[in-house]
file target_34.csv (CSV, C-alpha atoms)
chain,number,residue,atom,x,y,z
A,1,MET,CA,9.3,-64.8,-81.5
A,2,GLN,CA,12.3,-62.4,-81.2
A,3,ILE,CA,15.9,-63.3,-80.3
A,4,THR,CA,15.4,-61.5,-77.0
A,5,ASP,CA,12.8,-64.1,-76.1
A,6,ILE,CA,15.3,-66.9,-76.1
A,7,ILE,CA,18.4,-65.3,-74.7
A,8,ASN,CA,19.0,-66.3,-71.1
A,9,PRO,CA,21.1,-64.0,-68.8
A,10,GLU,CA,23.6,-66.8,-68.1
A,11,ASN,CA,24.3,-67.0,-71.9
A,12,LEU,CA,24.8,-63.3,-72.4
A,13,VAL,CA,28.4,-62.7,-73.5
A,14,TYR,CA,28.3,-59.0,-74.1
A,15,GLU,CA,26.1,-56.2,-72.7
A,16,LYS,CA,26.4,-52.5,-73.0
A,17,PRO,CA,27.2,-51.0,-69.6
A,18,LYS,CA,24.1,-49.3,-68.2
A,19,LEU,CA,26.1,-46.2,-67.4
A,20,LEU,CA,27.0,-45.5,-71.0
A,21,THR,CA,24.4,-43.1,-72.5
A,22,SER,CA,22.8,-43.5,-75.9
A,23,ASN,CA,24.7,-40.4,-77.2
A,24,THR,CA,26.8,-41.0,-80.3
A,25,MET,CA,30.5,-40.5,-79.4
A,26,HIS,CA,32.3,-37.8,-81.3
A,27,TYR,CA,35.7,-39.7,-81.4
A,28,CYS,CA,37.4,-40.6,-84.6
A,29,PRO,CA,37.1,-44.2,-85.8
A,30,GLY,CA,39.9,-46.2,-84.2
A,31,CYS,CA,40.3,-43.8,-81.3
A,32,SER,CA,41.1,-45.4,-77.9
A,33,HIS,CA,38.9,-43.0,-75.9
A,34,GLY,CA,35.7,-44.9,-76.5
A,35,VAL,CA,37.2,-48.1,-75.2
A,36,VAL,CA,38.4,-46.5,-72.1
A,37,HIS,CA,35.0,-44.8,-71.6
A,38,LYS,CA,33.4,-48.3,-71.7
A,39,LEU,CA,35.9,-49.7,-69.2
A,40,LEU,CA,35.2,-46.8,-66.8
A,41,ALA,CA,31.4,-47.3,-67.1
A,42,GLU,CA,31.8,-51.0,-66.5
A,43,VAL,CA,34.1,-50.5,-63.4
A,44,ILE,CA,31.9,-47.9,-61.8
A,45,GLU,CA,28.8,-50.0,-62.5
A,46,GLU,CA,30.4,-53.2,-61.1
A,47,LEU,CA,31.7,-51.5,-58.0
A,48,GLY,CA,28.2,-50.1,-57.4
A,49,ILE,CA,29.4,-46.5,-57.0
A,50,GLN,CA,27.5,-44.6,-59.7
A,51,GLU,CA,25.7,-42.3,-57.1
A,52,LYS,CA,29.0,-41.4,-55.4
A,53,THR,CA,31.3,-41.0,-58.3
A,54,ILE,CA,32.3,-37.6,-59.7
A,55,GLY,CA,34.4,-37.3,-62.8
A,56,VAL,CA,36.4,-34.2,-63.8
A,57,SER,CA,36.6,-33.7,-67.6
A,58,PRO,CA,39.5,-31.9,-69.3
A,59,VAL,CA,40.1,-29.6,-72.2
A,60,GLY,CA,41.0,-31.8,-75.2
A,61,CYS,CA,39.5,-34.7,-77.0
A,62,GLY,CA,37.9,-36.0,-73.8
A,63,VAL,CA,36.2,-32.8,-73.0
A,64,PHE,CA,32.7,-34.3,-73.7
A,65,ALA,CA,33.2,-37.4,-71.5
A,66,TYR,CA,30.3,-36.1,-69.5
A,67,ASN,CA,28.0,-36.8,-72.4
A,68,TYR,CA,28.8,-40.5,-72.4
A,69,ILE,CA,29.0,-41.8,-68.8
A,70,ASP,CA,26.0,-41.3,-66.6
A,71,ILE,CA,27.6,-39.9,-63.4
A,72,ASP,CA,28.1,-36.5,-61.9
A,73,TRP,CA,30.8,-34.5,-63.7
A,74,GLN,CA,32.7,-31.2,-63.3
A,75,GLU,CA,34.4,-29.4,-66.2
A,76,ALA,CA,37.9,-28.0,-65.4
A,77,ALA,CA,40.0,-25.4,-67.1
A,78,HIS,CA,42.9,-26.6,-69.3
A,79,GLY,CA,45.3,-28.6,-67.1
A,80,ARG,CA,43.5,-27.8,-63.9
A,81,ALA,CA,41.6,-31.1,-63.4
A,82,PRO,CA,43.8,-32.4,-60.6
A,83,ALA,CA,43.3,-29.1,-58.6
A,84,VAL,CA,39.5,-29.4,-59.1
A,85,ALA,CA,39.6,-33.1,-58.1
A,86,CYS,CA,41.5,-32.2,-54.9
A,87,GLY,CA,38.9,-29.6,-54.0
A,88,ILE,CA,36.0,-32.0,-54.6
A,89,SER,CA,37.7,-34.9,-52.8
A,90,ARG,CA,38.6,-32.9,-49.7
A,91,THR,CA,35.2,-31.3,-49.4
A,92,ASN,CA,33.3,-34.5,-50.2
A,93,PRO,CA,35.4,-37.3,-48.6
A,94,ASP,CA,32.6,-39.8,-49.1
A,95,LYS,CA,32.7,-39.4,-52.9
A,96,VAL,CA,34.9,-41.3,-55.4
A,97,VAL,CA,36.6,-38.7,-57.6
A,98,PHE,CA,38.6,-39.2,-60.8
A,99,THR,CA,40.1,-37.0,-63.6
A,100,TYR,CA,40.2,-37.9,-67.2
A,101,GLN,CA,43.0,-36.2,-69.1
A,102,GLY,CA,45.1,-36.3,-72.3
A,103,ASP,CA,48.8,-35.8,-72.6
A,104,GLY,CA,48.5,-32.2,-73.6
A,105,ASP,CA,46.1,-31.4,-70.7
A,106,LEU,CA,48.0,-33.3,-68.1
A,107,ALA,CA,51.7,-33.4,-69.1
A,108,SER,CA,52.0,-30.0,-70.7
A,109,ILE,CA,49.6,-27.2,-69.4
A,110,GLY,CA,48.8,-29.2,-66.3
A,111,THR,CA,52.3,-30.5,-65.4
A,112,GLY,CA,52.5,-28.4,-62.2
A,113,GLU,CA,48.9,-29.3,-61.2
A,114,ILE,CA,49.4,-33.1,-61.5
A,115,MET,CA,52.8,-33.2,-59.8
A,116,HIS,CA,51.6,-31.3,-56.7
A,117,ALA,CA,48.3,-33.1,-56.6
A,118,CYS,CA,50.0,-36.5,-56.6
A,119,ASN,CA,52.6,-35.3,-54.1
A,120,ARG,CA,49.8,-34.3,-51.7
A,121,GLY,CA,48.3,-37.7,-52.0
A,122,ASP,CA,44.7,-36.8,-52.2
A,123,ASP,CA,42.5,-39.8,-52.6
A,124,PHE,CA,41.3,-39.7,-56.2
A,125,VAL,CA,42.0,-41.5,-59.5
A,126,VAL,CA,43.8,-40.1,-62.6
A,127,ILE,CA,43.0,-41.6,-66.0
A,128,PHE,CA,45.8,-40.4,-68.3
A,129,ILE,CA,45.4,-40.9,-72.1
A,130,ASN,CA,48.8,-40.7,-73.8
A,131,ASN,CA,48.8,-40.8,-77.6
A,132,GLY,CA,51.9,-38.7,-78.0
A,133,ILE,CA,50.3,-35.8,-79.8
A,134,TYR,CA,47.8,-33.0,-79.4
A,135,GLY,CA,44.7,-34.5,-80.9
A,136,MET,CA,41.9,-32.0,-80.7
A,137,THR,CA,43.8,-28.9,-81.8
A,138,GLY,CA,45.4,-30.2,-85.0
A,139,GLY,CA,48.2,-32.6,-84.2
A,140,GLN,CA,50.9,-30.5,-82.7
A,141,MET,CA,53.9,-31.9,-80.7
A,142,ALA,CA,53.1,-32.8,-77.1
A,143,PRO,CA,55.5,-33.4,-74.2
A,144,THR,CA,55.1,-37.1,-74.9
A,145,THR,CA,55.8,-37.0,-78.6
A,146,LEU,CA,58.6,-39.4,-79.5
A,147,LEU,CA,62.0,-38.4,-80.9
A,148,GLY,CA,61.7,-38.4,-84.7
A,149,GLN,CA,57.9,-38.4,-84.6
A,150,VAL,CA,56.3,-36.2,-87.2
A,151,THR,CA,53.6,-33.7,-86.0
A,152,ALA,CA,52.1,-30.5,-87.3
A,153,THR,CA,54.8,-28.5,-85.4
A,154,THR,CA,57.7,-31.0,-86.0
A,155,PRO,CA,57.3,-31.7,-89.7
A,156,CYS,CA,60.8,-33.2,-89.9
A,157,GLY,CA,60.3,-35.2,-86.7
A,158,ARG,CA,60.9,-34.2,-83.0
A,159,ASP,CA,64.6,-33.2,-82.5
A,160,ALA,CA,66.1,-33.3,-79.0
A,161,ALA,CA,68.4,-30.3,-79.6
A,162,MET,CA,65.4,-28.2,-80.9
A,163,ASN,CA,62.4,-29.6,-79.0
A,164,GLY,CA,63.8,-31.4,-75.9
A,165,TYR,CA,63.1,-35.0,-75.0
A,166,PRO,CA,59.8,-36.9,-74.5
A,167,LEU,CA,58.5,-36.7,-71.0
A,168,LYS,CA,57.9,-39.9,-69.1
A,169,ILE,CA,55.5,-38.3,-66.7
A,170,THR,CA,54.2,-41.6,-65.2
A,171,GLU,CA,57.6,-42.6,-64.1
A,172,LEU,CA,57.9,-39.3,-62.3
A,173,ILE,CA,54.5,-39.7,-60.7
A,174,ALA,CA,55.5,-43.1,-59.4
A,175,GLN,CA,58.3,-41.5,-57.3
A,176,LEU,CA,56.0,-39.2,-55.4
A,177,PRO,CA,55.1,-40.3,-51.8
A,178,GLY,CA,51.4,-39.3,-52.2
A,179,THR,CA,50.7,-41.9,-54.9
A,180,SER,CA,49.5,-45.4,-54.2
A,181,TYR,CA,48.9,-47.3,-57.4
A,182,VAL,CA,50.7,-46.2,-60.6
A,183,THR,CA,50.4,-48.2,-63.8
A,184,ARG,CA,50.7,-48.0,-67.6
A,185,GLN,CA,48.3,-49.9,-69.7
A,186,SER,CA,46.8,-50.0,-73.3
A,187,VAL,CA,43.6,-51.1,-75.0
A,188,HIS,CA,44.7,-52.2,-78.4
A,189,THR,CA,43.9,-55.9,-78.0
A,190,PRO,CA,41.2,-57.9,-76.1
A,191,ALA,CA,43.9,-59.1,-73.6
A,192,ALA,CA,45.2,-55.5,-73.1
A,193,ILE,CA,41.6,-54.3,-72.5
A,194,ARG,CA,41.1,-56.9,-69.8
A,195,LYS,CA,44.3,-55.9,-68.1
A,196,CYS,CA,43.4,-52.2,-68.3
A,197,LYS,CA,40.0,-52.8,-66.8
A,198,LYS,CA,41.6,-54.6,-63.8
A,199,ALA,CA,44.0,-51.7,-63.4
A,200,ILE,CA,41.2,-49.1,-63.5
A,201,ALA,CA,39.2,-51.2,-60.9
A,202,LYS,CA,42.3,-51.4,-58.7
A,203,ALA,CA,42.8,-47.7,-58.9
A,204,PHE,CA,39.2,-46.9,-57.9
A,205,THR,CA,39.5,-49.4,-55.0
A,206,SER,CA,42.7,-47.8,-53.9
A,207,ALA,CA,41.1,-44.4,-53.8
A,208,GLN,CA,38.1,-45.7,-51.9
A,209,GLU,CA,40.4,-47.2,-49.3
A,210,LYS,CA,42.1,-43.8,-48.9
A,211,LYS,CA,45.5,-45.1,-49.9
A,212,GLY,CA,46.5,-42.0,-51.9
A,213,THR,CA,46.3,-40.8,-55.5
A,214,ALA,CA,46.0,-43.7,-58.1
A,215,PHE,CA,47.3,-43.0,-61.6
A,216,VAL,CA,46.5,-45.1,-64.7
A,217,GLU,CA,48.2,-44.2,-67.9
A,218,VAL,CA,46.7,-45.6,-71.1
A,219,VAL,CA,49.1,-45.6,-74.1
A,220,SER,CA,46.7,-44.9,-77.0
A,221,THR,CA,46.5,-44.2,-80.7
A,222,CYS,CA,45.6,-41.1,-82.6
A,223,ASN,CA,45.3,-42.5,-86.1
A,224,MET,CA,43.8,-39.3,-87.4
A,225,ASN,CA,46.8,-37.1,-86.5
A,226,TRP,CA,49.2,-40.0,-87.0
A,227,LYS,CA,47.7,-40.2,-90.5
A,228,LEU,CA,47.4,-44.0,-90.2
A,229,PRO,CA,44.4,-46.4,-90.6
A,230,PRO,CA,43.3,-47.8,-87.2
A,231,VAL,CA,45.0,-51.2,-87.6
A,232,GLU,CA,48.3,-49.6,-88.7
A,233,ALA,CA,48.1,-47.1,-85.9
A,234,ASN,CA,47.9,-50.0,-83.4
A,235,GLN,CA,51.0,-51.6,-85.1
A,236,TRP,CA,52.8,-48.3,-85.0
A,237,MET,CA,52.0,-47.9,-81.3
A,238,GLU,CA,53.4,-51.4,-80.5
A,239,GLU,CA,56.5,-50.8,-82.5
A,240,ASN,CA,57.3,-47.2,-81.4
A,241,MET,CA,55.4,-46.2,-78.3
A,242,PHE,CA,55.7,-49.4,-76.2
A,243,PRO,CA,59.6,-49.5,-76.3
A,244,PHE,CA,59.6,-46.0,-74.8
A,245,TYR,CA,56.4,-46.3,-72.7
A,246,PRO,CA,56.4,-49.9,-71.6
A,247,PRO,CA,53.1,-51.2,-70.1
A,248,GLY,CA,53.1,-52.5,-66.6
A,249,ASP,CA,52.7,-51.5,-62.9
A,250,MET,CA,55.2,-49.1,-61.5
A,251,LYS,CA,54.0,-48.8,-57.9
A,252,ASP,CA,51.5,-50.7,-55.8
A,253,GLY,CA,51.0,-49.8,-52.2
A,254,SER,CA,49.9,-46.9,-50.1
A,255,LYS,CA,50.8,-43.2,-49.9
A,256,HIS,CA,54.1,-42.4,-48.2
A,257,ASP,CA,55.5,-45.9,-48.8
A,258,ILE,CA,58.6,-44.3,-50.4
A,259,HIS,CA,59.5,-42.1,-47.4
A,260,PRO,CA,57.4,-43.4,-44.4
A,261,ASN,CA,59.7,-41.9,-41.8
A,262,ASN,CA,60.5,-38.6,-43.5
A,263,THR,CA,58.6,-36.5,-40.9
A,264,VAL,CA,59.5,-33.6,-38.6
A,265,LYS,CA,59.4,-34.5,-35.0
A,266,SER,CA,57.9,-31.8,-32.7

call {"tool": "encode", "arguments": {"input": "target_34.csv", "output": "structure tokens"}}
result
Amino acid sequence: MQITDIINPENLVYEKPKLLTSNTMHYCPGCSHGVVHKLLAEVIEELGIQEKTIGVSPVGCGVFAYNYIDIDWQEAAHGRAPAVACGISRTNPDKVVFTYQGDGDLASIGTGEIMHACNRGDDFVVIFINNGIYGMTGGQMAPTTLLGQVTATTPCGRDAAMNGYPLKITELIAQLPGTSYVTRQSVHTPAAIRKCKKAIAKAFTSAQEKKGTAFVEVVSTCNMNWKLPPVEANQWMEENMFPFYPPGDMKDGSKHDIHPNNTVKS
């Protein structure tokens, strides 16, 4: 007799999402990407939208997301995922579209793309992974790098006079009339993972209901480029990232809630 012969479905505590492929993930040990991938797979599976979901993968650590979640994917040039998602969403209004982007892809090279996409209010989801650094290309300073944070291009720490200030892109996104649901989450503890999953599910539901662009930032770790073990990286994130990037919802409604009467009368 094997253990599988005596396990009843009602007693099953954990099961791998069926949408996750058997491919071995390339992410560094302790990286947050794998956790977010699992949550995406669970949400898409539980909403029953596998056949109608299209993901847009970025340039960066998440570039191979299409190897891990069994849905339709489209690759985008660096920073251009929101523009690609807009095109897919408008030409396929019956589909559920989302982008998966890091802080270098979204908040640096793709700043213009994400701002205008969210301002237009196209009905897709943005998953934004913010670890405060360029991960794939060697640990350079990103727009979200904290003041004083050491990176490959700020070996003495980010200096405001020399490098400018960290960019709170999610706060800017929340002010745009085309956005519906805007939130910042994390996945460093079981409780945080549960909250993040609820936020992702809410974002996908908002996009399905045509409420506007839904934006989910996930404050994350990059222990490899932070040069910290995984546990210490989580502690560093709590002590340094959260005070500047506090988790929580910033906007929950429908597109145009900010300026509902700001229209030109003919």

call {"tool": "residues_around", "arguments": {"input": "target_34.csv", "residues": "Leu167 in chain A", "least_positions_apart": "6", "cutoff": "9 Å", "atoms": "all atoms listed in the file", "output": "tab-separated table (two decimals) with C-alpha atoms, in the coordinates of the input"}}
result
chain	number	residue	atom	x	y	z
A	107	ALA	CA	51.70	-33.40	-69.10
A	143	PRO	CA	55.50	-33.40	-74.20
A	144	THR	CA	55.10	-37.10	-74.90
A	145	THR	CA	55.80	-37.00	-78.60
A	146	LEU	CA	58.60	-39.40	-79.50

call {"tool": "closest_residue", "arguments": {"input": "target_34.csv", "among": "A:Ala161, A:Cys222, A:Met250, A:Val125", "to": "Ile173 in chain A", "atoms": "only C-alpha atoms"}}
result
A:Met250

call {"tool": "closest_residue", "arguments": {"input": "target_34.csv", "among": "A:Met237, A:Leu20, A:Val182, A:Ile54", "to": "Asp249 in chain A", "atoms": "only C-alpha atoms"}}
result
A:Val182

call {"tool": "atom_distance", "arguments": {"input": "target_34.csv", "atom1": "CA of Gly112 in chain A", "atom2": "CA of Ile127 in chain A"}}
result
16.7 Å

call {"tool": "atom_distance", "arguments": {"input": "target_34.csv", "atom1": "CA of Pro246 in chain A", "atom2": "CA of Lys202 in chain A"}}
result
19.2 Å

call {"tool": "closest_residue", "arguments": {"input": "target_34.csv", "among": "A:Gly138, A:Pro190, A:Gly87, A:Gly121", "to": "Gly60 in chain A", "atoms": "only C-alpha atoms"}}
result
A:Gly138

call {"tool": "residues_around", "arguments": {"input": "target_34.csv", "residues": "Gln235 in chain A", "least_positions_apart": "4", "cutoff": "12 Å", "atoms": "all atoms listed in the file", "output": "list in words"}}
result
His188, Thr189, Ser220, Thr221, Asn223, Trp226, Leu228, Pro229, Pro230, Val231, Glu239, Asn240, Met241 and Phe242 of chain A

call {"tool": "closest_residue", "arguments": {"input": "target_34.csv", "among": "A:Gly102, A:Gly164, A:Pro17, A:Pro155", "to": "Ile44 in chain A", "atoms": "all atoms listed in the file"}}
result
A:Pro17

call {"tool": "closest_residue", "arguments": {"input": "target_34.csv", "among": "A:Cys118, A:Met136, A:Leu19, A:Cys31", "to": "Ala174 in chain A", "atoms": "all atoms listed in the file"}}
result
A:Cys118

call {"tool": "closest_residue", "arguments": {"input": "target_34.csv", "among": "A:Ala142, A:Cys156, A:Ile49, A:Met162", "to": "Asp94 in chain A", "atoms": "all atoms listed in the file"}}
result
A:Ile49
